[in-house]
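Accompanying notes for the structure given below.
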Amino acid sequence: MKRIVLTGGGTAGHVTPNLALLPRLKELGYDIHYIGSYNGIEKKLIEQYSIPYYGISSGKLRRYFDWKNFSDPFKVIKGYGQARTLLKKLKPDVVFSKGGFVSVPVILAAKHRKIPAIIHESDITPGLANKLAIPNSCKVCCNFPETLKYLPADKAVLTGSPIRELLSGNRLKGLTYCGFQSEKPVIMVIGGSTGSQFINKIVRSLLPDLLKDFQVLHLCGKGKLDSSFEHTKGYAQFEYANKELSDMFALADLVISRAGANAICELLALRKPNILIPLSANASRGDQILNARSFEGQGYSVVIEEEQLNSVILLDAIKKLFQNRNQYINAMAKSEQLNSVETIVQLLEQAANQKK
């Protein structure tokens, strides 16, 4: 039996592609283990799949001044030592990383143990964690053709993003779960794994207008529920969704979302007309803006940058998108959506077999 160690964490986007690989890896008989941070979001997401989970020390390497920059390198060094010990014990045939800073010591330790490592870069330009990991990996998977120029030619593979089992959602179950009527269209709002207070506020301010023609399914983030809307007909709010997410997507006629690479690849696979509100460059390295503009250029999405977002602009965009939704659905249907799971698993198989 071949053994694989998965790693990645910090946000849901650094975990969900790993989850998408699980069914195929289990089908092939892999013994699957996961290395993440002590108490990151990845721990909660992975443990519900009954996969052995190992927490290690993790520190973030920042491009800007922060007092933690003086202490976090020691956390990374500690995590590297822990990862080396774990990999010596587990003896995996291959390591797969979805990124995030917890993955850096694992990839470095894999290199030290001569274990082949494959990493996945979701965004158009590699993040700092993956930049550190690339020299120590044998292959680098990516989502966008634009990314290939940033990667070593002998390692880069355009795979797309592994998509969770979202295509089998049941609309009737989604209606029941949300308490919605079947004859009225549904807007789904997703502010990322932690939600967006700014987007939440604007969406809620628009409810008197939106609920005339739509129902609103709002994934608003942990701790961001608003009890004053608890009994508003046609509005269902949840902190987050797990297994019911596929039914929610089946219910949605259009989606308002952040522009994380995994999230927008899911929207493409599901053929959901969407409005993307990328995280601003002030709050990130600007990767979501690049992701969103790529999708906009291909005719898959409407993009509103956060700095320009207000209730009037958003309401107008919703009405226009809904009227022209078939145009976006048709554009997405013509996309050459790659069989990402199978492509990545083949790379993992090749790497594991070469090690043997």
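How things are named: the first chain in the structure tokens is A, the next is B, and so on; residues count from 1 in each chain; ligands count from 1 in the order shown.
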
For this session: as a VMD selection string, list the residues of range 70-169 of chain A assigned to strand (DSSP E or B) by DSSP on the backbone atoms of this structure.
Result: chain A and resid 94 to 97 117 to 121 139 to 142 156 to 158

For the selection just defined, write its residues with all heavy atoms to a file, as a short mmCIF file (atom, residue, chain, number, x, y, z; two decimals), in the first residue's frame.
data_model
loop_
_atom_site.label_atom_id
_atom_site.label_comp_id
_atom_site.auth_asym_id
_atom_site.auth_seq_id
_atom_site.Cartn_x
_atom_site.Cartn_y
_atom_site.Cartn_z
N VAL A 94 5.08 9.80 -1.22
CA VAL A 94 4.97 11.10 -1.87
C VAL A 94 4.28 12.08 -0.94
O VAL A 94 3.51 11.68 -0.06
CB VAL A 94 4.19 10.96 -3.21
CG1 VAL A 94 2.75 10.55 -2.96
CG2 VAL A 94 4.26 12.23 -4.05
N VAL A 95 4.57 13.37 -1.12
CA VAL A 95 3.94 14.44 -0.35
C VAL A 95 3.24 15.37 -1.34
O VAL A 95 3.79 15.69 -2.40
CB VAL A 95 4.98 15.24 0.47
CG1 VAL A 95 4.35 16.50 1.07
CG2 VAL A 95 5.56 14.37 1.58
N PHE A 96 2.03 15.79 -0.99
CA PHE A 96 1.31 16.77 -1.82
C PHE A 96 0.96 17.97 -0.95
O PHE A 96 0.37 17.83 0.12
CB PHE A 96 0.04 16.19 -2.42
CG PHE A 96 -0.72 17.18 -3.28
CD1 PHE A 96 -0.26 17.51 -4.54
CD2 PHE A 96 -1.87 17.81 -2.81
CE1 PHE A 96 -0.93 18.43 -5.34
CE2 PHE A 96 -2.56 18.73 -3.59
CZ PHE A 96 -2.08 19.04 -4.86
N SER A 97 1.33 19.16 -1.44
CA SER A 97 1.10 20.39 -0.67
C SER A 97 0.20 21.35 -1.42
O SER A 97 0.41 21.62 -2.60
CB SER A 97 2.44 21.09 -0.39
OG SER A 97 2.21 22.42 0.05
N ALA A 117 7.99 15.56 -3.65
CA ALA A 117 6.91 16.44 -3.22
C ALA A 117 6.35 17.18 -4.43
O ALA A 117 7.09 17.69 -5.27
CB ALA A 117 7.42 17.45 -2.19
N ILE A 118 5.03 17.23 -4.51
CA ILE A 118 4.32 17.96 -5.55
C ILE A 118 3.51 19.05 -4.87
O ILE A 118 2.84 18.80 -3.87
CB ILE A 118 3.40 17.02 -6.35
CG1 ILE A 118 4.25 16.00 -7.13
CG2 ILE A 118 2.51 17.81 -7.32
CD1 ILE A 118 3.45 14.95 -7.86
N ILE A 119 3.58 20.27 -5.40
CA ILE A 119 2.85 21.38 -4.80
C ILE A 119 1.86 21.95 -5.80
O ILE A 119 1.98 21.73 -7.01
CB ILE A 119 3.79 22.49 -4.28
CG1 ILE A 119 4.53 23.17 -5.43
CG2 ILE A 119 4.78 21.91 -3.29
CD1 ILE A 119 5.44 24.30 -4.99
N HIS A 120 0.86 22.65 -5.28
CA HIS A 120 -0.16 23.25 -6.13
C HIS A 120 -0.25 24.74 -5.83
O HIS A 120 -0.37 25.14 -4.68
CB HIS A 120 -1.52 22.60 -5.89
CG HIS A 120 -2.60 23.04 -6.85
ND1 HIS A 120 -3.22 24.26 -6.73
CD2 HIS A 120 -3.14 22.44 -7.93
CE1 HIS A 120 -4.10 24.38 -7.71
NE2 HIS A 120 -4.07 23.30 -8.46
N GLU A 121 -0.16 25.56 -6.89
CA GLU A 121 -0.31 27.01 -6.76
C GLU A 121 -1.64 27.41 -7.38
O GLU A 121 -1.86 27.23 -8.58
CB GLU A 121 0.85 27.73 -7.46
CG GLU A 121 0.70 29.24 -7.49
CD GLU A 121 0.49 29.86 -6.12
OE1 GLU A 121 1.33 29.66 -5.23
OE2 GLU A 121 -0.56 30.53 -5.94
N LYS A 139 7.32 18.71 -8.96
CA LYS A 139 6.35 19.26 -9.89
C LYS A 139 5.56 20.36 -9.21
O LYS A 139 5.32 20.31 -7.99
CB LYS A 139 5.37 18.18 -10.39
CG LYS A 139 6.00 17.12 -11.29
CD LYS A 139 6.49 17.68 -12.61
CE LYS A 139 7.12 16.60 -13.48
NZ LYS A 139 7.68 17.15 -14.74
N VAL A 140 5.14 21.36 -10.02
CA VAL A 140 4.31 22.45 -9.51
C VAL A 140 3.05 22.53 -10.37
O VAL A 140 3.13 22.84 -11.57
CB VAL A 140 5.05 23.81 -9.54
CG1 VAL A 140 4.20 24.89 -8.89
CG2 VAL A 140 6.41 23.70 -8.86
N CYS A 141 1.91 22.26 -9.78
CA CYS A 141 0.63 22.33 -10.49
C CYS A 141 0.08 23.74 -10.38
O CYS A 141 0.31 24.43 -9.39
CB CYS A 141 -0.37 21.35 -9.86
SG CYS A 141 0.22 19.65 -9.74
N CYS A 142 -0.67 24.16 -11.41
CA CYS A 142 -1.23 25.51 -11.36
C CYS A 142 -2.59 25.56 -12.06
O CYS A 142 -2.95 24.65 -12.81
CB CYS A 142 -0.28 26.54 -11.96
SG CYS A 142 0.11 26.27 -13.71
N ALA A 156 6.60 22.86 -14.15
CA ALA A 156 5.25 23.42 -14.23
C ALA A 156 4.30 22.50 -14.99
O ALA A 156 4.63 21.97 -16.06
CB ALA A 156 5.30 24.78 -14.92
N VAL A 157 3.09 22.30 -14.41
CA VAL A 157 2.05 21.51 -15.06
C VAL A 157 0.71 22.25 -14.87
O VAL A 157 0.31 22.52 -13.74
CB VAL A 157 1.92 20.09 -14.45
CG1 VAL A 157 0.89 19.29 -15.23
CG2 VAL A 157 3.26 19.38 -14.44
N LEU A 158 0.04 22.57 -15.97
CA LEU A 158 -1.27 23.22 -15.90
C LEU A 158 -2.31 22.14 -15.62
O LEU A 158 -2.62 21.32 -16.48
CB LEU A 158 -1.57 23.93 -17.21
CG LEU A 158 -2.91 24.68 -17.29
CD1 LEU A 158 -2.98 25.80 -16.25
CD2 LEU A 158 -3.12 25.24 -18.70
#

For this session: Excluding Gly36 in chain A and residues on its chain fewer than 4 positions from it, collect all residues at most 10 Å away from it, counting only C-alpha atoms, and give them as a list in words.
Result: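 After dropping sequence-adjacent residues, the list is Leu6, Thr7, Gly8, Gly9, Gly10, Val15, Gly40, Ile41, Glu42, Lys43, Ile46, Tyr53, Tyr54, Gly55, Ile56, Ser57, Ser58, Gly79, Ala83, Gly100, Phe101, Val102, Ser103 and Val106 of chain A.
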
Contact check, range 295-332 of chain A to range 264-281 of chain A, at most 7 Å, counting only C-alpha atoms, closest pairs as a tab-separated table:
residue	atom	partner	partner_atom	distance
A:Ser301	CA	A:Asn274	CA	5.3
A:Val302	CA	A:Ile275	CA	4.7
A:Val303	CA	A:Leu276	CA	4.8
A:Ile304	CA	A:Ile277	CA	5.2
A:Glu305	CA	A:Ile277	CA	5.5
A:Glu306	CA	A:Ile277	CA	6.0
A:Arg325	CA	A:Pro273	CA	5.8
A:Tyr328	CA	A:Pro273	CA	5.8
A:Ile329	CA	A:Arg271	CA	5.5
A:Met332	CA	A:Arg271	CA	5.8

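The smallest atom-to-atom distance between Asn291 in chain A and any of A:Leu108, A:Ala236, A:Ile124, A:Leu151, using only C-alpha atoms, is found for A:Ile124.
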
For this session: Using only C-alpha atoms, determine which residues lie at most 10 Å from Leu90 in chain A, disregarding the query and same-chain residues fewer than 3 positions distant; provide the list as a VMD selection string.
Result: chain A and resid 3 to 5 33 84 to 87 93

For this session: Could you give me the residues within range 49-296 of chain A that DSSP places in helix (DSSP H, G or I), as a PyMOL selection string?
Result: chain A and resi 67-70+72-90+103-112+128-136+145-150+171-178+197-205+207-210+227-229+245-251+261-270+287-296

Exercise. With only C-alpha atoms as the atoms that count, which of A:Leu348, A:Ala259, A:Ile318, A:Cys220 lies nearest to Ile289 in chain A?
Worked result: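 Counting only C-alpha atoms, the residue closest to Ile289 in chain A is A:Ala259.
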
Problem set entry | Among listed residues A:Lys114, A:Lys222, A:Lys155, A:Lys2, nearest Tyr30 in chain A (using only C-alpha atoms) |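 Checking each candidate against Tyr30 in chain A, we get A:Lys2 as the closest.
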
For this session: List the neighbours of Val203 in chain A out to 8 Å using only C-alpha atoms; skip same-chain residues closer than 4 positions along the sequence, and give me the result as a PyMOL selection string.
Result: chain A and resi 199+207+311

For this session: Compile the contact shell of range 261-263 of chain A as a PyMOL selection string: residues with an atom at most 9 Å away, counting only C-alpha atoms, same-chain residues fewer than 5 positions apart removed.
Result: chain A and resi 13-14+16-17+122-124+143+161-163+192+268+287-288+291-292

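Of note, CA of Ile32 in chain A and CA of Pro92 in chain A are spaced 9.0 Å apart.
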
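Atom pair CA of His231 in chain A / CA of Tyr177 in chain A has a distance of 14.7 Å (rounded to one decimal).
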
For this session: Name the closest residue to Asp209 in chain A among the candidates A:Lys319, A:Ala153, A:Gln346, A:Ala352; distances are taken between atoms, counting only C-alpha atoms.
Result: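 That would be A:Lys319, the residue with the smallest distance to Asp209 in chain A.
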
Exercise. To one decimal place, how far is CA of Ala110 in chain A from CA of Leu132 in chain A in Å?
Worked result: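 These two atoms are separated by 13.4 Å.
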
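Each of A:Cys178, A:Leu22, A:Ile115, A:Val104 was checked against Asn353 in chain A using only C-alpha atoms; the smallest atom-to-atom distance is that of A:Ile115.
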